[in-house]
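What's in structure.txt: compact mmCIF, C-alpha atoms
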# COMPACT_ATOMS: atom_id res chain seq x y z
CA MET A 1488 -72.39 82.93 76.50
CA PHE A 1489 -75.32 84.80 74.93
CA ALA A 1490 -74.43 88.12 76.58
CA LYS A 1491 -70.89 87.89 75.24
CA ASP A 1492 -72.15 87.23 71.70
CA LEU A 1493 -74.57 90.16 72.02
CA ALA A 1494 -71.76 92.49 73.10
CA VAL A 1495 -69.60 91.40 70.16
CA LYS A 1496 -72.45 92.05 67.69
CA MET A 1497 -73.11 95.47 69.19
CA ASN A 1498 -69.41 96.31 68.99
CA ARG A 1499 -69.39 95.32 65.33
CA LEU A 1500 -72.35 97.60 64.65
CA ALA A 1501 -70.77 100.50 66.52
CA THR A 1502 -67.50 99.95 64.67
CA ALA A 1503 -69.29 99.90 61.31
CA LEU A 1504 -71.23 103.10 62.06
CA ILE A 1505 -68.06 104.86 63.23
CA ALA A 1506 -66.28 103.74 60.06
CA TYR A 1507 -69.13 105.10 57.92
CA ALA A 1508 -68.98 108.41 59.79
CA VAL A 1509 -65.21 108.67 59.33
CA LEU A 1510 -65.50 107.87 55.64
CA GLY A 1511 -68.26 110.48 55.34
CA VAL A 1512 -66.11 113.15 56.94
CA LEU A 1513 -63.16 112.23 54.74
CA SER A 1514 -65.27 112.37 51.59
CA TRP A 1515 -66.78 115.71 52.69
CA VAL A 1516 -63.32 117.22 53.26
CA THR A 1517 -61.77 115.73 50.14
CA ILE A 1518 -64.44 116.50 47.53
CA SER A 1519 -65.10 120.18 46.88
CA ASP A 1520 -67.97 120.06 44.38
CA THR A 1521 -71.29 119.95 46.27
CA ARG A 1522 -73.17 117.81 43.75
CA ILE A 1523 -70.43 115.21 43.61
CA ARG A 1524 -69.94 115.40 47.38
CA MET A 1525 -73.48 114.12 47.99
CA VAL A 1526 -72.99 110.90 46.01
CA PRO A 1527 -70.55 109.18 48.39
CA LEU A 1528 -72.47 110.52 51.39
CA GLY A 1529 -75.66 109.00 50.00
CA ILE A 1530 -73.96 105.68 49.38
CA LEU A 1531 -72.50 105.66 52.91
CA ALA A 1532 -75.93 106.54 54.33
CA LEU A 1533 -77.43 103.55 52.52
CA PHE A 1534 -74.72 101.27 53.91
CA ALA A 1535 -75.36 102.62 57.42
CA LEU A 1536 -79.10 102.09 57.02
CA LYS A 1537 -78.53 98.54 55.79
CA SER A 1538 -76.27 97.82 58.76
CA VAL A 1539 -78.84 99.08 61.26
CA LEU A 1540 -81.72 97.21 59.62
CA ARG A 1541 -79.67 94.03 59.31
CA ARG A 1542 -78.82 94.27 63.01
CA ASN A 1543 -82.43 93.43 63.88
CA ASP A 1544 -82.25 90.21 61.85
CA VAL A 1545 -78.99 89.20 63.49
CA MET A 1546 -80.11 90.08 67.02
CA HIS A 1547 -83.46 88.27 66.74
CA PRO A 1548 -83.10 85.35 64.29
CA ASP A 1549 -85.97 83.45 65.93
CA LYS A 1550 -88.38 86.31 65.14
CA LEU A 1551 -87.60 85.95 61.43
CA GLU A 1552 -88.32 82.22 61.62
CA GLU A 1553 -91.68 82.92 63.30
CA VAL A 1554 -92.67 85.30 60.50
CA GLU A 1555 -91.73 82.72 57.88
CA GLU A 1556 -93.74 80.03 59.72
CA ARG A 1557 -96.77 82.33 59.83
CA LYS A 1558 -96.47 83.00 56.10
CA ASP A 1559 -96.25 79.27 55.37
CA LEU A 1560 -99.27 78.62 57.59
CA ALA A 1561 -101.27 81.38 55.90
CA GLU A 1562 -100.38 80.10 52.45
CA SER A 1563 -101.41 76.54 53.31
CA ARG A 1564 -104.94 77.63 54.26
Hey, can you dump this file as structure tokens for me?
Amino acid sequence: MFAKDLAVKMNRLATALIAYAVLGVLSWVTISDTRIRMVPLGILALFALKSVLRRNDVMHPDKLEEVEERKDLAESR
């Protein structure tokens, strides 16, 4: 069951990154002014970065719990 869930999460990430790339190409082709063209590309890049960084939290939820437990243990000392 775990392998199937992992494949679904990877497919969602790949789909999101492909969607960001398509939107980036469309915004590049549609907007002619260079300064304005960079704004949507920057926003899409931030969304892509957030998706990739968030993937680590989703793929390894137990690692996040271990970090929180260590923080709680360190604070209690």
Original post:
For Leu1500 of chain A, which residue among A:Lys1558, A:Arg1542, A:Arg1522, A:Leu1531 is the nearest when counting all atoms listed in the file?
Top reply: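 Counting all atoms listed in the file, the residue closest to Leu1500 of chain A is A:Arg1542.
Atom CA of Ser1563 of chain A to atom CA of Leu1540 of chain A spans 29.2 Å [interatomic distance, one decimal].
Between atom CA of Ile1523 of chain A and atom CA of Arg1499 of chain A the interatomic distance comes to 29.5 Å.
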What separates atom CA of Ala1503 of chain A and atom CA of Leu1536 of chain A is a distance of 10.9 Å
Padding of 5 Å on every side, edges along x, y and z, all listed atoms of segment 1527-1543 of chain A included: what centre and edge lengths in Å, to one decimal, does that box have, as AutoDock Vina command-line options?
--center_x -76.5 --center_y 102.0 --center_z 56.1 --size_x 21.9 --size_y 27.1 --size_z 25.5
